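**Student:** Data file coords_19.csv (CSV, C-alpha atoms) is appended below.
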chain,number,residue,atom,x,y,z
A,10,MET,CA,0.0,0.0,0.0
A,11,ARG,CA,1.2,3.5,-0.8
A,12,ARG,CA,2.3,5.5,2.2
A,13,HIS,CA,0.3,8.6,2.8
A,14,PRO,CA,2.2,11.7,1.8
A,15,ASN,CA,1.1,13.6,4.8
A,16,LEU,CA,-0.1,11.8,7.9
A,17,GLY,CA,-1.4,15.0,9.5
A,18,PRO,CA,-4.9,15.3,11.0
A,19,PRO,CA,-7.7,14.3,8.6
A,20,LEU,CA,-9.3,17.1,6.6
A,21,LEU,CA,-12.7,15.6,6.5
A,22,VAL,CA,-14.1,13.2,9.2
A,23,ALA,CA,-17.5,11.5,8.9
A,24,GLU,CA,-18.6,9.6,12.0
A,25,ASN,CA,-21.5,7.2,12.2
A,26,LEU,CA,-23.5,8.6,9.4
A,27,VAL,CA,-27.1,7.4,9.0
A,28,LYS,CA,-29.2,8.6,6.1
A,29,SER,CA,-32.4,7.1,4.7
A,30,PHE,CA,-34.4,7.9,1.6
A,31,GLY,CA,-37.6,6.0,2.4
A,32,PRO,CA,-37.6,2.8,4.5
A,33,THR,CA,-34.1,1.5,3.5
A,34,PRO,CA,-31.1,3.3,4.9
A,35,ALA,CA,-28.6,4.4,2.3
A,36,LEU,CA,-26.0,5.0,5.0
A,37,ASP,CA,-26.1,2.9,8.2
A,38,GLY,CA,-23.3,4.0,10.5
A,39,ALA,CA,-20.7,5.0,7.9
A,40,SER,CA,-17.5,6.5,9.2
A,41,LEU,CA,-14.6,7.7,7.1
A,42,GLN,CA,-11.5,10.0,7.2
A,43,VAL,CA,-10.1,11.9,4.3
A,44,TYR,CA,-6.5,13.4,4.4
A,45,ALA,CA,-5.1,16.4,2.5
A,46,GLY,CA,-3.1,15.3,-0.5
A,47,GLU,CA,-4.6,11.9,-1.0
A,48,VAL,CA,-6.7,10.4,-3.7
A,49,LEU,CA,-9.3,8.2,-2.1
A,50,ALA,CA,-11.6,5.9,-4.1
A,51,LEU,CA,-15.0,5.1,-2.8
A,52,MET,CA,-16.2,1.8,-4.2
A,53,GLY,CA,-19.1,-0.5,-3.7
A,54,PRO,CA,-22.0,-2.1,-5.5
A,55,SER,CA,-24.8,0.0,-7.0
A,56,GLY,CA,-27.1,1.2,-4.2
A,57,SER,CA,-24.4,0.7,-1.5
A,58,GLY,CA,-24.6,4.3,-0.5
A,59,LYS,CA,-21.3,5.6,-2.0
A,60,SER,CA,-22.8,8.6,-3.7
A,61,THR,CA,-24.9,9.5,-0.6
A,62,LEU,CA,-21.7,9.4,1.4
A,63,LEU,CA,-20.0,11.7,-1.0
A,64,HIS,CA,-22.9,14.1,-0.9
A,65,CYS,CA,-22.9,14.1,3.0
A,66,LEU,CA,-19.1,14.7,3.0
A,67,ALA,CA,-19.6,17.7,0.6
A,68,GLY,CA,-22.5,19.1,2.7
A,69,ILE,CA,-25.0,18.7,-0.1
A,70,VAL,CA,-27.0,16.2,1.9
A,71,THR,CA,-27.6,16.4,5.6
A,72,PRO,CA,-27.4,13.0,7.4
A,73,ASP,CA,-30.2,11.9,9.7
A,74,SER,CA,-27.7,11.3,12.4
A,75,GLY,CA,-23.9,11.3,12.8
A,76,THR,CA,-21.5,14.1,12.1
A,77,VAL,CA,-19.3,15.4,9.3
A,78,SER,CA,-16.5,17.8,10.2
A,79,TYR,CA,-14.3,19.7,7.8
A,80,ASP,CA,-11.0,21.1,9.1
A,81,GLY,CA,-12.2,20.6,12.6
A,82,ARG,CA,-15.6,22.4,12.1
A,83,ASP,CA,-18.9,20.6,12.4
A,84,MET,CA,-20.7,21.1,9.1
A,85,ALA,CA,-24.1,20.7,10.8
A,86,ALA,CA,-23.3,23.7,13.0
A,87,MET,CA,-22.7,25.9,9.9
A,88,SER,CA,-25.5,28.1,8.4
A,89,ASP,CA,-26.7,27.3,4.9
A,90,ALA,CA,-24.8,30.4,3.7
A,91,GLN,CA,-21.6,29.2,5.3
A,92,ARG,CA,-22.0,25.7,3.8
A,93,SER,CA,-22.6,27.3,0.3
A,94,ALA,CA,-19.5,29.4,0.7
A,95,LEU,CA,-17.5,26.4,1.6
A,96,ARG,CA,-18.7,24.5,-1.4
A,97,ARG,CA,-17.9,27.5,-3.6
A,98,THR,CA,-14.5,28.3,-2.3
A,99,GLU,CA,-13.0,25.1,-0.7
A,100,PHE,CA,-14.6,22.3,-2.6
A,101,GLY,CA,-14.6,21.4,-6.3
A,102,PHE,CA,-17.1,19.0,-8.0
A,103,VAL,CA,-16.9,16.8,-11.1
A,104,PHE,CA,-19.8,14.6,-12.1
A,105,GLN,CA,-20.3,12.1,-14.9
A,106,PHE,CA,-22.6,14.2,-17.0
A,107,GLY,CA,-24.2,17.6,-17.6
A,108,GLN,CA,-22.3,19.8,-15.3
A,109,LEU,CA,-21.3,22.5,-17.7
A,110,VAL,CA,-23.7,25.3,-18.5
A,111,PRO,CA,-24.6,24.7,-22.2
A,112,GLU,CA,-25.2,28.3,-23.1
A,113,LEU,CA,-21.8,29.4,-22.0
A,114,THR,CA,-18.5,28.8,-23.8
A,115,CYS,CA,-16.0,26.3,-22.3
A,116,LEU,CA,-13.9,29.3,-21.2
A,117,GLU,CA,-16.8,31.1,-19.6
A,118,ASN,CA,-17.7,27.9,-17.7
A,119,VAL,CA,-14.3,27.8,-16.1
A,120,VAL,CA,-14.4,31.5,-15.4
A,121,LEU,CA,-17.7,31.2,-13.6
A,122,PRO,CA,-16.6,29.8,-10.2
A,123,LEU,CA,-13.8,32.4,-10.1
A,124,ARG,CA,-16.3,35.2,-10.7
A,125,LEU,CA,-18.6,33.8,-8.0
A,126,ALA,CA,-15.6,33.8,-5.6
A,127,GLY,CA,-15.1,37.6,-6.4
A,128,VAL,CA,-12.2,37.4,-8.8
A,129,ARG,CA,-12.0,40.2,-11.3
A,130,ARG,CA,-13.1,39.4,-14.8
A,131,ARG,CA,-9.8,39.9,-16.5
A,132,GLU,CA,-7.8,37.9,-13.9
A,133,ALA,CA,-10.5,35.2,-13.9
A,134,ALA,CA,-10.2,34.9,-17.7
A,135,ARG,CA,-6.4,34.7,-17.6
A,136,ARG,CA,-6.4,31.9,-15.0
A,137,ALA,CA,-9.2,30.0,-16.7
A,138,ALA,CA,-7.4,30.2,-20.1
A,139,GLY,CA,-4.1,29.1,-18.5
A,140,LEU,CA,-5.7,26.0,-17.0
A,141,LEU,CA,-7.5,25.1,-20.2
A,142,GLU,CA,-4.1,25.4,-22.0
A,143,ARG,CA,-2.5,23.1,-19.4
A,144,LEU,CA,-5.3,20.5,-19.7
A,145,GLU,CA,-4.8,20.6,-23.5
A,146,VAL,CA,-8.3,21.8,-24.2
A,147,ALA,CA,-7.4,25.4,-25.2
A,148,ASP,CA,-8.8,24.8,-28.7
A,149,VAL,CA,-12.4,24.4,-27.4
A,150,ALA,CA,-12.2,27.5,-25.1
A,151,ASP,CA,-14.5,29.5,-27.3
A,152,LYS,CA,-16.8,26.6,-28.2
A,153,ARG,CA,-19.9,25.6,-26.3
A,154,PRO,CA,-19.7,22.3,-24.3
A,155,GLY,CA,-22.0,20.7,-26.9
A,156,GLN,CA,-19.4,21.3,-29.6
A,157,ALA,CA,-16.6,19.6,-27.7
A,158,SER,CA,-16.1,15.8,-27.5
A,159,GLY,CA,-16.9,13.9,-24.4
A,160,GLY,CA,-13.3,13.7,-23.3
A,161,GLN,CA,-12.7,17.4,-24.0
A,162,GLY,CA,-15.9,18.4,-22.1
A,163,GLN,CA,-14.9,16.3,-19.1
A,164,ARG,CA,-11.4,18.0,-19.0
A,165,VAL,CA,-13.2,21.4,-19.1
A,166,ALA,CA,-15.3,20.2,-16.2
A,167,VAL,CA,-12.2,19.2,-14.3
A,168,ALA,CA,-10.7,22.6,-15.1
A,169,ARG,CA,-13.8,24.2,-13.7
A,170,ALA,CA,-13.4,22.2,-10.5
A,171,LEU,CA,-9.7,22.9,-10.1
A,172,VAL,CA,-9.7,26.6,-11.1
A,173,THR,CA,-10.5,27.9,-7.6
A,174,ARG,CA,-7.7,25.7,-6.1
A,175,PRO,CA,-10.1,23.8,-3.9
A,176,ARG,CA,-8.8,21.8,-0.9
A,177,VAL,CA,-11.2,18.9,-1.6
A,178,ILE,CA,-12.3,17.7,-5.0
A,179,PHE,CA,-15.4,15.5,-5.1
A,180,ALA,CA,-15.7,13.4,-8.2
A,181,ASP,CA,-18.7,11.1,-8.8
A,182,GLU,CA,-18.0,8.6,-11.6
A,183,PRO,CA,-16.0,11.3,-13.4
A,184,THR,CA,-14.7,8.8,-16.0
A,185,GLY,CA,-17.9,6.8,-16.4
A,186,ALA,CA,-18.8,8.2,-19.8
A,187,LEU,CA,-15.2,8.3,-21.2
A,188,ASP,CA,-13.1,5.7,-23.1
A,189,SER,CA,-10.1,4.3,-21.3
A,190,LEU,CA,-7.6,6.8,-22.7
A,191,ASN,CA,-9.6,9.8,-21.7
A,192,GLY,CA,-10.4,8.3,-18.4
A,193,GLU,CA,-6.7,8.0,-17.7
A,194,ARG,CA,-6.1,11.6,-18.7
A,195,VAL,CA,-8.7,12.8,-16.2
A,196,MET,CA,-7.1,10.7,-13.4
A,197,HIS,CA,-3.7,12.1,-14.2
A,198,LEU,CA,-5.2,15.6,-13.7
A,199,PHE,CA,-6.7,14.6,-10.3
A,200,ILE,CA,-3.4,13.1,-9.2
A,201,ALA,CA,-1.5,16.2,-10.2
A,202,ALA,CA,-3.9,18.4,-8.3
A,203,ALA,CA,-3.4,16.2,-5.2
A,204,ARG,CA,0.4,16.2,-5.4
A,205,GLU,CA,0.9,19.8,-6.5
A,206,THR,CA,-1.7,21.6,-4.4
A,207,GLY,CA,-2.2,19.2,-1.6
A,208,ALA,CA,-5.9,18.8,-2.4
A,209,ALA,CA,-7.8,15.8,-1.2
A,210,VAL,CA,-9.6,13.9,-4.0
A,211,VAL,CA,-12.7,11.9,-3.1
A,212,LEU,CA,-13.6,9.7,-6.0
A,213,VAL,CA,-16.7,7.6,-6.4
A,214,THR,CA,-16.1,4.9,-9.1
A,215,HIS,CA,-17.1,1.4,-10.0
A,216,GLU,CA,-14.2,0.9,-12.3
A,217,ALA,CA,-11.3,-0.9,-10.7
A,218,ARG,CA,-8.8,0.4,-13.2
A,219,ILE,CA,-9.7,3.9,-12.2
A,220,ALA,CA,-9.6,3.1,-8.5
A,221,ALA,CA,-6.1,1.7,-9.0
A,222,TYR,CA,-4.9,5.3,-9.5
A,223,SER,CA,-6.0,6.1,-5.9
A,224,ASP,CA,-3.8,6.0,-2.9
A,225,ARG,CA,-6.3,3.9,-1.0
A,226,GLU,CA,-9.9,2.8,-1.2
A,227,ALA,CA,-12.9,2.6,1.0
A,228,VAL,CA,-15.5,0.0,0.2
A,229,ILE,CA,-19.1,0.8,1.0
A,230,ARG,CA,-21.4,-2.2,1.5
A,231,ASP,CA,-24.9,-2.0,3.0
A,232,GLY,CA,-24.3,1.6,4.0
A,233,ARG,CA,-21.2,1.0,6.0
A,234,VAL,CA,-17.5,1.6,5.2
A,235,ARG,CA,-14.6,-0.7,5.2
A,236,GLU,CA,-11.7,1.7,5.0
A,237,GLN,CA,-8.3,0.8,4.0
A,238,GLU,CA,-5.7,2.1,6.4
A,239,TYR,CA,-2.4,3.6,5.5
A,240,ALA,CA,0.8,1.9,6.1
A,241,ARG,CA,2.6,3.9,8.8
B,29,MET,CA,-16.3,-28.8,-19.2
B,30,PRO,CA,-13.0,-29.1,-17.3
B,31,CYS,CA,-13.0,-30.1,-13.7
B,32,ILE,CA,-13.4,-26.7,-11.9
B,33,VAL,CA,-11.1,-27.5,-9.0
B,34,ALA,CA,-7.4,-27.1,-9.7
B,35,GLY,CA,-5.0,-29.9,-8.5
B,36,MET,CA,-3.8,-28.2,-5.3
B,37,SER,CA,-7.3,-27.3,-4.3
B,38,VAL,CA,-8.7,-30.9,-4.2
B,39,GLY,CA,-7.0,-31.6,-0.9
B,40,PHE,CA,-8.4,-28.5,0.7
B,41,ALA,CA,-11.8,-29.2,-0.8
B,42,LEU,CA,-11.8,-32.7,0.7
B,43,LEU,CA,-10.6,-31.4,4.1
B,44,GLY,CA,-13.3,-28.7,4.0
B,45,LEU,CA,-16.0,-31.2,3.3
B,46,LEU,CA,-14.8,-33.3,6.2
B,47,GLU,CA,-15.5,-30.4,8.6
B,48,SER,CA,-19.2,-31.4,8.6
B,49,GLY,CA,-18.3,-34.8,10.0
B,50,PRO,CA,-16.3,-38.0,9.5
B,51,CYS,CA,-16.9,-39.7,6.2
B,52,HIS,CA,-16.1,-42.8,4.1
B,53,GLY,CA,-14.0,-42.2,1.0
B,54,TYR,CA,-16.9,-43.1,-1.2
B,55,ASP,CA,-19.3,-40.5,0.5
B,56,LEU,CA,-16.6,-37.9,0.4
B,57,LYS,CA,-16.1,-38.4,-3.3
B,58,ARG,CA,-19.9,-38.1,-3.8
B,59,SER,CA,-20.1,-34.8,-1.9
B,60,TYR,CA,-17.1,-33.5,-3.8
B,61,ASP,CA,-18.7,-34.4,-7.2
B,62,GLU,CA,-22.0,-32.7,-6.2
B,63,GLN,CA,-20.3,-29.5,-5.1
B,64,PHE,CA,-17.4,-29.2,-7.5
B,65,GLY,CA,-17.5,-32.0,-10.1
B,66,HIS,CA,-19.8,-30.2,-12.6
B,67,GLY,CA,-20.2,-33.2,-14.9
B,68,ARG,CA,-16.7,-34.4,-14.3
B,69,ALA,CA,-16.4,-36.7,-11.3
B,70,LEU,CA,-13.2,-37.2,-9.3
B,71,HIS,CA,-11.5,-40.6,-9.8
B,72,TYR,CA,-11.4,-42.9,-6.8
B,73,GLY,CA,-7.7,-43.2,-7.3
B,74,GLN,CA,-7.3,-39.5,-6.8
B,75,VAL,CA,-9.6,-39.5,-3.8
B,76,TYR,CA,-7.6,-42.2,-2.0
B,77,ALA,CA,-4.2,-40.8,-3.0
B,78,THR,CA,-5.2,-37.4,-1.7
B,79,LEU,CA,-6.6,-38.8,1.5
B,80,ALA,CA,-3.3,-40.8,2.0
B,81,ARG,CA,-1.3,-37.6,1.6
B,82,LEU,CA,-3.6,-35.8,4.1
B,83,LEU,CA,-3.2,-38.7,6.5
B,84,LYS,CA,0.5,-38.6,6.2
B,85,ASN,CA,0.6,-34.9,6.9
B,86,GLY,CA,-1.6,-35.3,10.0
B,87,LEU,CA,-4.5,-33.3,8.5
B,88,VAL,CA,-7.0,-36.3,8.7
B,89,GLU,CA,-7.2,-39.3,10.9
B,90,VAL,CA,-8.8,-42.7,10.3
B,91,GLU,CA,-11.5,-44.3,12.3
B,92,SER,CA,-11.4,-48.0,11.3
B,93,GLU,CA,-14.5,-50.2,11.3
B,94,PRO,CA,-14.4,-53.9,11.4
B,95,GLY,CA,-14.0,-55.6,8.0
B,96,GLU,CA,-11.7,-55.3,5.0
B,97,GLY,CA,-11.0,-52.7,2.2
B,98,PRO,CA,-10.7,-49.0,2.0
B,99,ASP,CA,-14.4,-48.4,2.5
B,100,ARG,CA,-14.2,-49.6,6.0
B,101,LYS,CA,-12.2,-46.5,6.9
B,102,ARG,CA,-13.9,-43.4,8.0
B,103,TYR,CA,-11.8,-40.2,7.6
B,104,ALA,CA,-12.1,-37.4,10.1
B,105,ILE,CA,-10.4,-34.0,9.9
B,106,THR,CA,-7.9,-33.2,12.6
B,107,GLU,CA,-7.4,-29.8,14.4
B,108,ALA,CA,-4.3,-29.3,12.2
B,109,GLY,CA,-6.6,-30.0,9.2
B,110,VAL,CA,-9.1,-27.3,10.3
B,111,THR,CA,-6.2,-24.8,10.8
B,112,ASP,CA,-4.9,-25.7,7.3
B,113,VAL,CA,-8.4,-25.0,5.7
B,114,ASP,CA,-8.7,-21.8,7.7
B,115,ARG,CA,-5.3,-20.6,6.5
B,116,TRP,CA,-6.1,-21.5,2.9
B,117,LEU,CA,-9.4,-19.7,2.9
B,118,THR,CA,-8.2,-16.5,4.6
B,119,ARG,CA,-5.0,-16.2,2.5
B,120,PRO,CA,-5.7,-14.3,-0.8
B,121,GLU,CA,-4.6,-16.0,-4.0
B,122,LYS,CA,-1.9,-14.4,-6.0
B,123,PRO,CA,-3.9,-12.5,-8.7
B,124,GLU,CA,-3.4,-14.2,-12.0
B,125,PRO,CA,-5.6,-15.0,-15.0
B,126,TYR,CA,-7.9,-18.0,-14.8
B,127,LEU,CA,-8.0,-18.0,-11.0
B,128,GLN,CA,-11.7,-18.5,-10.8
B,129,SER,CA,-11.6,-22.3,-10.2
B,130,THR,CA,-9.6,-21.9,-7.0
B,131,LEU,CA,-11.6,-18.9,-5.9
B,132,TYR,CA,-14.9,-20.6,-6.6
B,133,THR,CA,-13.8,-23.6,-4.4
B,134,LYS,CA,-12.8,-21.2,-1.6
B,135,VAL,CA,-16.2,-19.4,-1.7
B,136,VAL,CA,-18.2,-22.6,-1.7
B,137,LEU,CA,-16.2,-24.1,1.1
B,138,ALA,CA,-16.5,-21.0,3.2
B,139,LEU,CA,-20.3,-21.1,2.7
B,140,LEU,CA,-20.4,-24.9,3.5
B,141,THR,CA,-18.4,-24.5,6.7
B,142,GLY,CA,-20.1,-21.4,8.0
B,143,ARG,CA,-17.1,-19.1,7.5
B,144,ASP,CA,-17.4,-15.5,6.2
B,145,ALA,CA,-17.4,-15.8,2.4
B,146,ALA,CA,-18.0,-12.0,2.0
B,147,ASP,CA,-14.8,-11.4,4.0
B,148,LEU,CA,-12.9,-13.8,1.9
B,149,LEU,CA,-14.0,-12.0,-1.3
B,150,ASP,CA,-13.2,-8.6,0.2
B,151,THR,CA,-9.7,-9.8,1.1
B,152,GLN,CA,-9.1,-11.1,-2.4
B,153,ARG,CA,-10.5,-7.9,-3.8
B,154,GLY,CA,-8.0,-5.9,-1.8
B,155,GLU,CA,-5.2,-8.1,-3.1
B,156,HIS,CA,-6.3,-7.6,-6.7
B,157,LEU,CA,-6.5,-3.9,-6.3
B,158,ARG,CA,-3.1,-3.8,-4.6
B,159,LEU,CA,-1.5,-5.4,-7.7
B,160,MET,CA,-3.5,-3.1,-10.0
B,161,ARG,CA,-2.1,-0.1,-8.1
B,162,GLU,CA,1.4,-1.5,-8.6
B,163,LEU,CA,0.9,-1.9,-12.3
B,164,THR,CA,-0.7,1.5,-12.6
B,165,GLN,CA,2.3,3.0,-10.9
B,166,ARG,CA,4.7,1.0,-13.2
B,167,LYS,CA,2.7,2.2,-16.2
B,168,SER,CA,3.1,5.9,-15.3
B,169,GLU,CA,6.9,5.5,-14.9
B,170,GLY,CA,7.4,3.3,-18.0
B,171,ASP,CA,7.6,3.7,-21.8
B,172,LEU,CA,4.9,2.8,-24.2
B,173,ALA,CA,5.8,-0.9,-24.3
B,174,ASP,CA,5.5,-1.0,-20.5
B,175,GLN,CA,2.3,0.8,-20.6
B,176,LEU,CA,0.8,-1.6,-23.1
B,177,ILE,CA,2.0,-4.7,-21.2
B,178,CYS,CA,0.7,-3.3,-17.9
B,179,ASP,CA,-2.7,-2.4,-19.6
B,180,HIS,CA,-3.1,-6.0,-20.7
B,181,ALA,CA,-2.6,-7.3,-17.2
B,182,LEU,CA,-4.8,-4.5,-15.8
B,183,PHE,CA,-7.8,-5.4,-18.1
B,184,HIS,CA,-7.5,-9.1,-17.1
B,185,LEU,CA,-7.4,-8.2,-13.4
B,186,GLU,CA,-10.3,-5.9,-13.8
B,187,ALA,CA,-12.3,-8.8,-15.3
B,188,ASP,CA,-11.4,-10.9,-12.2
B,189,LEU,CA,-12.4,-8.2,-9.9
B,190,ARG,CA,-15.8,-7.8,-11.6
B,191,TRP,CA,-16.3,-11.5,-11.1
B,192,LEU,CA,-15.4,-11.1,-7.4
B,193,GLU,CA,-18.0,-8.3,-7.1
B,194,LEU,CA,-20.7,-10.2,-8.9
B,195,THR,CA,-20.1,-13.3,-6.7
B,196,ALA,CA,-20.3,-11.1,-3.6
B,197,ALA,CA,-23.6,-9.8,-4.8
B,198,ARG,CA,-24.8,-13.4,-5.3
B,199,LEU,CA,-23.6,-15.0,-2.1
B,200,GLU,CA,-27.1,-15.6,-0.7
B,201,GLN,CA,-28.2,-17.4,-3.8
B,202,LEU,CA,-25.0,-19.4,-3.8
B,203,ARG,CA,-25.4,-20.3,-0.1
B,204,ASP,CA,-28.9,-21.7,-0.9
B,205,ARG,CA,-27.7,-23.7,-3.8
B,206,VAL,CA,-24.7,-25.1,-1.9
B,207,ARG,CA,-26.9,-26.1,1.1
B,208,ARG,CA,-29.4,-27.8,-1.2
B,209,ASN,CA,-26.5,-30.0,-2.4
B,210,THR,CA,-25.5,-31.2,1.0
For this file, write the structure as structure tokens.
**Tutor:**
Amino acid sequence: MRRHPNLGPPLLVAENLVKSFGPTPALDGASLQVYAGEVLALMGPSGSGKSTLLHCLAGIVTPDSGTVSYDGRDMAAMSDAQRSALRRTEFGFVFQFGQLVPELTCLENVVLPLRLAGVRRREAARRAAGLLERLEVADVADKRPGQASGGQGQRVAVARALVTRPRVIFADEPTGALDSLNGERVMHLFIAAARETGAAVVLVTHEARIAAYSDREAVIRDGRVREQEYAR
Amino acid sequence: MPCIVAGMSVGFALLGLLESGPCHGYDLKRSYDEQFGHGRALHYGQVYATLARLLKNGLVEVESEPGEGPDRKRYAITEAGVTDVDRWLTRPEKPEPYLQSTLYTKVVLALLTGRDAADLLDTQRGEHLRLMRELTQRKSEGDLADQLICDHALFHLEADLRWLELTAARLEQLRDRVRRNT
């Protein structure tokens, strides 16, 4: 097992999460720790609760019981506005489909989170263009997402998630709609983000080849987590 | 269809079957054929040769009954035999293609003997992913030839892993089927 690059205190801690949608619990006592600088794969069969866990960690879904703390702060104790601000400035999100605004160009999509964070227009455009260049999708900067290929669109989505330099990147099946080669490219981008900026990457995937890029995995089964520990 | 239990596993399979109680060689062969034969029965010669080896290694013992011939012997598993089965079931196999025969035997034996088959599959899954991580790392450091060779291995391991996951999802069904056969 790979040794964790930084065995400091965990950045995100979920303890004993329970969450039900209807009679069956999606999470049934799930606990997990996420460290800065690591790529963590959440795996498990369909319906095991892995996406629900990701949403609870990101403060999108509130658990019925149990706690999630980010950087030592209990997320339940934050106001909605504080949680939104956290998601905007400290977290980045990548999903399988449909995350880019179709009416905006690819460049404008990447500019958007910076503008929401209060960055001036010109500076935001400069940073967004630089990132698209680095991710080798500068040629679609002025195109709309619908005019880019699936692989290009997903790299633009990754650029949008990375552009604010988030401390945690949440990715839900980010390579699910891509072929193997484009899937690999996306994973290299996540690994680079973790290694270069110290971001934690929490990745939900059902593909073992994608999970093999992670530093460790947590398997979710019946709403509980079996977490792989780091070699110390 | 080829016999699904690879050579080395026959001994463990017989030992595992003996955990439910002492047995004559003939009955043991019949149980084995029902669980693992799949249209290709084990030869008597192989049964008795394997039992002789297990006896020599102290993994089974013989309870003799009056009379003549091999079928007067009842074989019972020893404590060392149980430990051996335990060790075999909990130790993940080295991931390699065409491993399913051994893994299938392990899963069925775990279900038959009341051990935790889900845990066995999880441990194996971890071992597969560990090797996949190693190959992914090697791929990122290697040239194109290394990448292609590692990719070939990765795709095969991924297929194995999908089989492990599917089997984990069908454990209850398999438990019912295995119990019907006993």
**Student:** What residues in chain A lie within 10 Å of chain B, counting only C-alpha atoms, written as a PyMOL selection string?
**Tutor:** chain A and resi 10-11+53-54+197+215-226+228+235+237
**Student:** If you keep C-alpha atoms, can you produce a file of those selected residues as a PDB file, in the coordinates of the input?
**Tutor:**
ATOM      1  CA  MET A  10       0.000   0.000   0.000  1.00  0.00           C
ATOM      2  CA  ARG A  11       1.200   3.500  -0.800  1.00  0.00           C
ATOM      3  CA  GLY A  53     -19.100  -0.500  -3.700  1.00  0.00           C
ATOM      4  CA  PRO A  54     -22.000  -2.100  -5.500  1.00  0.00           C
ATOM      5  CA  HIS A 197      -3.700  12.100 -14.200  1.00  0.00           C
ATOM      6  CA  HIS A 215     -17.100   1.400 -10.000  1.00  0.00           C
ATOM      7  CA  GLU A 216     -14.200   0.900 -12.300  1.00  0.00           C
ATOM      8  CA  ALA A 217     -11.300  -0.900 -10.700  1.00  0.00           C
ATOM      9  CA  ARG A 218      -8.800   0.400 -13.200  1.00  0.00           C
ATOM     10  CA  ILE A 219      -9.700   3.900 -12.200  1.00  0.00           C
ATOM     11  CA  ALA A 220      -9.600   3.100  -8.500  1.00  0.00           C
ATOM     12  CA  ALA A 221      -6.100   1.700  -9.000  1.00  0.00           C
ATOM     13  CA  TYR A 222      -4.900   5.300  -9.500  1.00  0.00           C
ATOM     14  CA  SER A 223      -6.000   6.100  -5.900  1.00  0.00           C
ATOM     15  CA  ASP A 224      -3.800   6.000  -2.900  1.00  0.00           C
ATOM     16  CA  ARG A 225      -6.300   3.900  -1.000  1.00  0.00           C
ATOM     17  CA  GLU A 226      -9.900   2.800  -1.200  1.00  0.00           C
ATOM     18  CA  VAL A 228     -15.500   0.000   0.200  1.00  0.00           C
ATOM     19  CA  ARG A 235     -14.600  -0.700   5.200  1.00  0.00           C
ATOM     20  CA  GLN A 237      -8.300   0.800   4.000  1.00  0.00           C
TER      21      GLN A 237
END
**Student:** Using Å and a single decimal, report how far atom CA of A:Ala170 sits from atom CA of A:Leu212.
**Tutor:**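 These two atoms are separated by 13.3 Å.
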**Student:** Just the number, please: distance in Å from atom CA of A:Leu41 to atom CA of A:Ala23, one decimal.
**Tutor:**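 Straight-line distance from atom CA of A:Leu41 to atom CA of A:Ala23 works out to 5.1 Å.
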**Student:** Which distance in Å separates atom CA of A:Val149 and atom CA of A:Val48, to one decimal?
**Tutor:** 28.1 Å
**Student:** May I ask which of the residues B:Asp144, B:Asp171, B:Glu93, B:Glu107 is the closest one to B:Leu46, counting only C-alpha atoms?
**Tutor:**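 The shortest atom-to-atom distance to B:Leu46 comes from B:Glu107.
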**Student:** For A:Glu182, which of A:Gly101, A:Pro18, A:Leu121, A:Leu51 is the closest residue, counting only C-alpha atoms?
**Tutor:**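 Checking each of A:Gly101, A:Pro18, A:Leu121, A:Leu51 against A:Glu182, counting only C-alpha atoms, the winner is A:Leu51.
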**Student:** Have a look at A:Gly17, A:Gly185, A:Pro32, A:Gly46 and name the one nearest to A:Val211; count only C-alpha atoms.
**Tutor:**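 Under the stated criterion, the closest residue is A:Gly46.
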**Student:** Dump as an mmCIF file with C-alpha atoms, keeping the file's coordinate frame all residues having an atom at most 8 Å from (-23.2, 12.8, -10.4), computed in the file's coordinates with all atoms listed in the file.
**Tutor:**
data_model
loop_
_atom_site.group_PDB
_atom_site.id
_atom_site.type_symbol
_atom_site.label_atom_id
_atom_site.label_comp_id
_atom_site.auth_asym_id
_atom_site.auth_seq_id
_atom_site.Cartn_x
_atom_site.Cartn_y
_atom_site.Cartn_z
ATOM 1 C CA SER A 60 -22.800 8.600 -3.700
ATOM 2 C CA VAL A 103 -16.900 16.800 -11.100
ATOM 3 C CA PHE A 104 -19.800 14.600 -12.100
ATOM 4 C CA GLN A 105 -20.300 12.100 -14.900
ATOM 5 C CA PHE A 106 -22.600 14.200 -17.000
ATOM 6 C CA ALA A 180 -15.700 13.400 -8.200
ATOM 7 C CA ASP A 181 -18.700 11.100 -8.800
ATOM 8 C CA GLU A 182 -18.000 8.600 -11.600
ATOM 9 C CA PRO A 183 -16.000 11.300 -13.400
#
**Student:** Using all atoms listed in the file, determine which residues lie at most 10 Å from A:Gly75, disregarding the query and same-chain residues fewer than 5 positions distant; provide the list as number ranges by chain.
**Tutor:** A: 23-28, 37-40, 85
**Student:** Which residues come within 10 Å of stretch 117-119 of chain A, counting all atoms listed in the file, excluding same-chain residues fewer than 2 positions away, as a ChimeraX atom specification?
**Tutor:** /A:108-115,121-124,133-134,136-138,140-141,150-154,165-173
**Student:** For a quick check of understanding, using all atoms listed in the file, which of A:Ala126, A:Ala35, A:Cys65, A:Val77 has the smallest distance to A:Val22?
**Tutor:**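 Using all atoms listed in the file, A:Val22 sits closest to A:Val77.
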**Student:** Any idea what's packed within 9 Å of stretch 74-82 of chain B, counting only C-alpha atoms, ignoring anything in its chain fewer than 2 positions away? Could you give it as a list in words?
**Tutor:** Val38, Gly39, Leu42, Leu43, Gly53, Tyr54, Leu56, Lys57, Leu70, His71, Tyr72, Lys84, Asn85, Gly86, Leu87, Val88, Glu89, Pro98, Tyr103 and Gly109 of chain B
